[in-house]
Amino acid sequence: MRRWAVAAGALAVVGATAVVLAGRGGHCEGVALRSGATAQVPVDGRPDIGGGGVGGLRRAFRDQQVAYCDDFADPFVLVVGGVHYAYSTSSGDRHVPVLTAGSLFRGASLGDALPTLPAWAAQSPSLVWAPSVLARPGGFVLYYTVGAPDGRQCISVARSGDPAGPFVDRSSGPFICPDPGGAIDPSPFVAPNGRVFLQWKSIDDGLIVASELTADGLRLVGSAQPLVGADQPWEAGVVEGPTMVADGRRYYLFYSGNDWRTANYAVGYAVCDAPLGPCRKPASGPWLASSDDAQGPGGPEVFRDADGLWMVVHAWVGGHVGYPDGARTMFVLRLAFTRGGPVAV
């Protein structure tokens, strides 16, 4: 989930067949990820992340997994009124980049959903990570990781009446920041019964934890409950970046493991009895790992739209793993649940 300074790349469309990551040498056309399960999942086009308006040319790329061919790490997608808003970890001088139109093309509007940080926070865009947004009656709540002056990473909250922002953080201190380690990677989850929860990574104990939220999403209810820790070799002592989704009576917790700067970064999952656990990992290895042309997938987030259930992740492409030469490109995968477990294509 960590993110240091990244130079922004540019998008180029060559004819109507290739999308190129300018300045980085990575080609996005045909780059793909797939979970280890073998079940066939139909994909009839993919969401136009960030909104539409580009007509037939955009539709020519609807079967591409790549949703944004440039740096867009730890992506989160919110669907409002049929429009897809995508948010990411900081890039350049933008605290919370947000895609609001165009997606793959030069016409994309890459704004800053959080132009101003709260006064108590470290005033560095490079310390703003993994945003997520919860729609509530009357507005939207942004959860994000931000640096504190004492060196900890903490979770804070901002609000806006528009999903594109600007979000405003009027807090006098962090929302979640256990001493001494802090907390990162917040992700909200609305259960089928309407109750609201938040998952995040607790730095002190290395666990992914969760707590219920009040209905407005602005306060925690009760203490944080542990969901999963790093107890498998492939995780290399790291679990982070959680997201939860319900399927029937089961709750699936997807998360990232290993070192985000390497091709060993990958996505695992656990099956939970309830939003606050207990959870168990049914497999001993990662669920979504590097492919030949996309390395280190991570930062999963699940969203639903009129066409079904999807997951966004980031991954390095073209063998360029790590900054400054690489970029964490945004992918959108169809997510389905089979008798053998979750499948993404």
# chains A, B, ... in the order shown; residues from 1 in each chain; ligands from 1
>>> residues_around(residues="Gly257 in chain A", least_positions_apart="2", cutoff="8 Å", atoms="only C-alpha atoms", output="NGL selection string")
:A and (230 or 234-240 or 255 or 259-260 or 265-268 or 298)
>>> select_by_dssp(residues="range 42-278 of chain A", states="helix (DSSP H, G or I)", output="JSON, numbers by chain")
{"A": [55, 56, 57, 58, 59, 125, 126, 127, 233, 234, 235]}
>>> residues_around(residues="Tyr269 in chain A", least_positions_apart="4", cutoff="8 Å", atoms="only C-alpha atoms", output="PyMOL selection string")
chain A and resi 252-255+281-282+286-287
>>> residues_around(residues="Gln123 in chain A", least_positions_apart="2", cutoff="10 Å", atoms="only C-alpha atoms", output="count of residues only")
15
>>> residues_around(residues="range 313-329 of chain A", least_positions_apart="5", cutoff="7 Å", atoms="only C-alpha atoms", output="mmCIF file with N, CA and C atoms, in the first residue's frame")
data_model
loop_
_atom_site.group_PDB
_atom_site.id
_atom_site.type_symbol
_atom_site.label_atom_id
_atom_site.label_comp_id
_atom_site.auth_asym_id
_atom_site.auth_seq_id
_atom_site.Cartn_x
_atom_site.Cartn_y
_atom_site.Cartn_z
ATOM 1 N N VAL A 6 5.991 9.603 -7.583
ATOM 2 C CA VAL A 6 5.865 8.967 -8.893
ATOM 3 C C VAL A 6 5.675 10.046 -9.942
ATOM 4 N N ARG A 24 7.087 5.069 -20.219
ATOM 5 C CA ARG A 24 7.475 3.961 -19.366
ATOM 6 C C ARG A 24 7.752 2.693 -20.165
ATOM 7 N N GLY A 26 5.692 0.440 -21.273
ATOM 8 C CA GLY A 26 4.829 -0.691 -20.984
ATOM 9 C C GLY A 26 3.589 -0.655 -21.854
ATOM 10 N N HIS A 27 3.273 -1.756 -22.539
ATOM 11 C CA HIS A 27 2.083 -1.830 -23.378
ATOM 12 C C HIS A 27 0.954 -2.459 -22.573
ATOM 13 N N TYR A 68 -7.134 1.738 -16.761
ATOM 14 C CA TYR A 68 -6.426 3.014 -16.826
ATOM 15 C C TYR A 68 -4.943 2.710 -16.969
ATOM 16 N N CYS A 69 -4.398 3.078 -18.120
ATOM 17 C CA CYS A 69 -3.033 2.671 -18.457
ATOM 18 C C CYS A 69 -2.022 3.717 -17.989
ATOM 19 N N ASP A 70 -1.937 3.883 -16.693
ATOM 20 C CA ASP A 70 -0.970 4.784 -16.072
ATOM 21 C C ASP A 70 -0.994 4.477 -14.582
ATOM 22 N N ASP A 71 -0.220 5.226 -13.803
ATOM 23 C CA ASP A 71 -0.136 4.931 -12.377
ATOM 24 C C ASP A 71 -1.452 5.269 -11.673
ATOM 25 N N PHE A 72 -2.068 4.256 -11.048
ATOM 26 C CA PHE A 72 -3.326 4.432 -10.340
ATOM 27 C C PHE A 72 -3.407 3.336 -9.281
ATOM 28 N N ALA A 73 -2.600 3.488 -8.236
ATOM 29 C CA ALA A 73 -2.413 2.425 -7.242
ATOM 30 C C ALA A 73 -3.546 2.380 -6.225
ATOM 31 N N ASP A 74 -3.767 1.196 -5.660
ATOM 32 C CA ASP A 74 -4.789 0.983 -4.632
ATOM 33 C C ASP A 74 -6.140 1.531 -5.076
ATOM 34 N N PRO A 75 -6.625 1.144 -6.243
ATOM 35 C CA PRO A 75 -7.844 1.760 -6.779
ATOM 36 C C PRO A 75 -9.086 1.392 -5.979
ATOM 37 N N ARG A 261 6.436 -3.689 -3.529
ATOM 38 C CA ARG A 261 7.418 -3.220 -4.515
ATOM 39 C C ARG A 261 7.910 -4.325 -5.426
ATOM 40 N N THR A 262 7.440 -5.561 -5.240
ATOM 41 C CA THR A 262 7.974 -6.707 -5.958
ATOM 42 C C THR A 262 6.882 -7.470 -6.701
ATOM 43 N N ALA A 263 7.321 -8.392 -7.552
ATOM 44 C CA ALA A 263 6.396 -9.266 -8.270
ATOM 45 C C ALA A 263 5.788 -10.321 -7.358
ATOM 46 N N ASP A 293 2.748 -10.994 -18.043
ATOM 47 C CA ASP A 293 2.894 -9.595 -18.417
ATOM 48 C C ASP A 293 2.300 -8.602 -17.419
ATOM 49 N N ALA A 294 1.844 -9.092 -16.261
ATOM 50 C CA ALA A 294 1.361 -8.220 -15.195
ATOM 51 C C ALA A 294 1.870 -8.769 -13.871
ATOM 52 N N GLN A 295 2.638 -7.965 -13.144
ATOM 53 C CA GLN A 295 3.317 -8.461 -11.948
ATOM 54 C C GLN A 295 2.821 -7.734 -10.693
ATOM 55 N N GLY A 296 2.819 -8.495 -9.589
ATOM 56 C CA GLY A 296 2.523 -7.920 -8.290
ATOM 57 C C GLY A 296 1.137 -7.342 -8.124
ATOM 58 N N PRO A 297 0.067 -8.072 -8.498
ATOM 59 C CA PRO A 297 -1.270 -7.512 -8.318
ATOM 60 C C PRO A 297 -1.589 -7.311 -6.841
ATOM 61 N N GLY A 298 -2.298 -6.220 -6.546
ATOM 62 C CA GLY A 298 -2.656 -5.947 -5.161
ATOM 63 C C GLY A 298 -3.635 -4.807 -5.071
ATOM 64 N N GLY A 299 -3.924 -4.399 -3.833
ATOM 65 C CA GLY A 299 -4.882 -3.324 -3.606
ATOM 66 C C GLY A 299 -6.279 -3.648 -4.082
ATOM 67 N N PRO A 300 -6.807 -4.851 -3.829
ATOM 68 C CA PRO A 300 -8.122 -5.197 -4.382
ATOM 69 C C PRO A 300 -9.250 -4.394 -3.744
ATOM 70 N N GLU A 301 -10.240 -4.069 -4.518
ATOM 71 C CA GLU A 301 -11.494 -3.506 -4.025
ATOM 72 C C GLU A 301 -12.625 -4.044 -4.893
#
>>> atom_distance(atom1="CA of Ala113 in chain A", atom2="CA of Pro97 in chain A")
6.2 Å
>>> closest_residue(among="A:Ser91, A:Ser172, A:Ser284, A:Gln153", to="Pro186 in chain A", atoms="only C-alpha atoms")
A:Gln153
>>> closest_residue(among="A:Leu227, A:Val83, A:Ile203, A:Val302", to="Asp273 in chain A", atoms="only C-alpha atoms")
A:Leu227
>>> residues_around(residues="range 249-251 of chain A", least_positions_apart="4", cutoff="8 Å", atoms="only C-alpha atoms", output="number ranges by chain")
A: 244-245, 271-275
>>> atom_distance(atom1="CA of Ala191 in chain A", atom2="CA of Pro278 in chain A")
15.5 Å
>>> decode(residues="range 162-190 of chain A", atoms="N, CA and C atoms", output="PDB file, in the first residue's frame")
ATOM      1  N   ASP A 162     -20.533  15.673  -3.304  1.00  0.00           N
ATOM      2  CA  ASP A 162     -20.298  15.233  -4.681  1.00  0.00           C
ATOM      3  C   ASP A 162     -19.262  14.116  -4.658  1.00  0.00           C
ATOM      4  N   PRO A 163     -19.529  12.971  -5.305  1.00  0.00           N
ATOM      5  CA  PRO A 163     -18.546  11.878  -5.279  1.00  0.00           C
ATOM      6  C   PRO A 163     -17.201  12.248  -5.890  1.00  0.00           C
ATOM      7  N   ALA A 164     -17.170  13.248  -6.767  1.00  0.00           N
ATOM      8  CA  ALA A 164     -15.903  13.685  -7.347  1.00  0.00           C
ATOM      9  C   ALA A 164     -15.156  14.651  -6.439  1.00  0.00           C
ATOM     10  N   GLY A 165     -15.787  15.071  -5.347  1.00  0.00           N
ATOM     11  CA  GLY A 165     -15.185  16.028  -4.447  1.00  0.00           C
ATOM     12  C   GLY A 165     -15.498  17.459  -4.864  1.00  0.00           C
ATOM     13  N   PRO A 166     -14.884  18.444  -4.209  1.00  0.00           N
ATOM     14  CA  PRO A 166     -13.831  18.249  -3.223  1.00  0.00           C
ATOM     15  C   PRO A 166     -14.360  17.741  -1.882  1.00  0.00           C
ATOM     16  N   PHE A 167     -13.643  16.760  -1.304  1.00  0.00           N
ATOM     17  CA  PHE A 167     -13.914  16.316   0.051  1.00  0.00           C
ATOM     18  C   PHE A 167     -13.191  17.253   1.015  1.00  0.00           C
ATOM     19  N   VAL A 168     -13.812  17.481   2.166  1.00  0.00           N
ATOM     20  CA  VAL A 168     -13.235  18.369   3.172  1.00  0.00           C
ATOM     21  C   VAL A 168     -13.076  17.598   4.483  1.00  0.00           C
ATOM     22  N   ASP A 169     -11.878  17.626   5.024  1.00  0.00           N
ATOM     23  CA  ASP A 169     -11.574  16.985   6.297  1.00  0.00           C
ATOM     24  C   ASP A 169     -11.480  18.068   7.361  1.00  0.00           C
ATOM     25  N   ARG A 170     -12.494  18.148   8.204  1.00  0.00           N
ATOM     26  CA  ARG A 170     -12.533  19.169   9.251  1.00  0.00           C
ATOM     27  C   ARG A 170     -12.079  18.625  10.610  1.00  0.00           C
ATOM     28  N   SER A 171     -11.431  17.473  10.608  1.00  0.00           N
ATOM     29  CA  SER A 171     -11.043  16.846  11.865  1.00  0.00           C
ATOM     30  C   SER A 171      -9.906  17.602  12.552  1.00  0.00           C
ATOM     31  N   SER A 172      -9.839  17.448  13.861  1.00  0.00           N
ATOM     32  CA  SER A 172      -8.739  18.010  14.639  1.00  0.00           C
ATOM     33  C   SER A 172      -7.697  16.956  14.978  1.00  0.00           C
ATOM     34  N   GLY A 173      -7.928  15.738  14.524  1.00  0.00           N
ATOM     35  CA  GLY A 173      -7.011  14.633  14.752  1.00  0.00           C
ATOM     36  C   GLY A 173      -7.473  13.427  13.966  1.00  0.00           C
ATOM     37  N   PRO A 174      -6.680  12.353  13.947  1.00  0.00           N
ATOM     38  CA  PRO A 174      -7.024  11.188  13.130  1.00  0.00           C
ATOM     39  C   PRO A 174      -8.262  10.457  13.623  1.00  0.00           C
ATOM     40  N   PHE A 175      -8.907   9.772  12.702  1.00  0.00           N
ATOM     41  CA  PHE A 175     -10.079   8.947  12.992  1.00  0.00           C
ATOM     42  C   PHE A 175      -9.659   7.650  13.669  1.00  0.00           C
ATOM     43  N   ILE A 176      -8.611   6.995  13.120  1.00  0.00           N
ATOM     44  CA  ILE A 176      -8.063   5.764  13.693  1.00  0.00           C
ATOM     45  C   ILE A 176      -6.546   5.887  13.667  1.00  0.00           C
ATOM     46  N   CYS A 177      -5.918   5.771  14.829  1.00  0.00           N
ATOM     47  CA  CYS A 177      -4.456   5.880  14.862  1.00  0.00           C
ATOM     48  C   CYS A 177      -3.926   5.279  16.158  1.00  0.00           C
ATOM     49  N   PRO A 178      -3.981   3.954  16.309  1.00  0.00           N
ATOM     50  CA  PRO A 178      -3.491   3.341  17.552  1.00  0.00           C
ATOM     51  C   PRO A 178      -2.012   3.632  17.762  1.00  0.00           C
ATOM     52  N   ASP A 179      -1.660   3.824  19.018  1.00  0.00           N
ATOM     53  CA  ASP A 179      -0.282   4.132  19.393  1.00  0.00           C
ATOM     54  C   ASP A 179       0.427   2.821  19.742  1.00  0.00           C
ATOM     55  N   PRO A 180       1.656   2.574  19.268  1.00  0.00           N
ATOM     56  CA  PRO A 180       2.519   3.524  18.572  1.00  0.00           C
ATOM     57  C   PRO A 180       2.533   3.384  17.054  1.00  0.00           C
ATOM     58  N   GLY A 181       1.917   2.336  16.492  1.00  0.00           N
ATOM     59  CA  GLY A 181       2.148   2.028  15.082  1.00  0.00           C
ATOM     60  C   GLY A 181       1.283   2.760  14.085  1.00  0.00           C
ATOM     61  N   GLY A 182      -0.001   2.954  14.414  1.00  0.00           N
ATOM     62  CA  GLY A 182      -0.896   3.586  13.464  1.00  0.00           C
ATOM     63  C   GLY A 182      -1.749   2.580  12.723  1.00  0.00           C
ATOM     64  N   ALA A 183      -2.395   3.048  11.648  1.00  0.00           N
ATOM     65  CA  ALA A 183      -3.323   2.222  10.878  1.00  0.00           C
ATOM     66  C   ALA A 183      -3.365   2.717   9.445  1.00  0.00           C
ATOM     67  N   ILE A 184      -3.610   1.788   8.509  1.00  0.00           N
ATOM     68  CA  ILE A 184      -3.640   2.121   7.086  1.00  0.00           C
ATOM     69  C   ILE A 184      -4.761   1.343   6.390  1.00  0.00           C
ATOM     70  N   ASP A 185      -5.016   1.710   5.147  1.00  0.00           N
ATOM     71  CA  ASP A 185      -5.837   0.934   4.207  1.00  0.00           C
ATOM     72  C   ASP A 185      -7.284   0.723   4.649  1.00  0.00           C
ATOM     73  N   PRO A 186      -8.037   1.786   4.889  1.00  0.00           N
ATOM     74  CA  PRO A 186      -9.442   1.625   5.276  1.00  0.00           C
ATOM     75  C   PRO A 186     -10.318   1.225   4.096  1.00  0.00           C
ATOM     76  N   SER A 187     -11.314   0.384   4.363  1.00  0.00           N
ATOM     77  CA  SER A 187     -12.247  -0.040   3.322  1.00  0.00           C
ATOM     78  C   SER A 187     -13.617  -0.272   3.946  1.00  0.00           C
ATOM     79  N   PRO A 188     -14.649   0.489   3.547  1.00  0.00           N
ATOM     80  CA  PRO A 188     -15.983   0.305   4.115  1.00  0.00           C
ATOM     81  C   PRO A 188     -16.716  -0.865   3.463  1.00  0.00           C
ATOM     82  N   PHE A 189     -17.656  -1.419   4.208  1.00  0.00           N
ATOM     83  CA  PHE A 189     -18.475  -2.522   3.716  1.00  0.00           C
ATOM     84  C   PHE A 189     -19.883  -2.358   4.251  1.00  0.00           C
ATOM     85  N   VAL A 190     -20.859  -2.379   3.345  1.00  0.00           N
ATOM     86  CA  VAL A 190     -22.266  -2.332   3.728  1.00  0.00           C
ATOM     87  C   VAL A 190     -22.822  -3.748   3.640  1.00  0.00           C
TER      88      VAL A 190
END
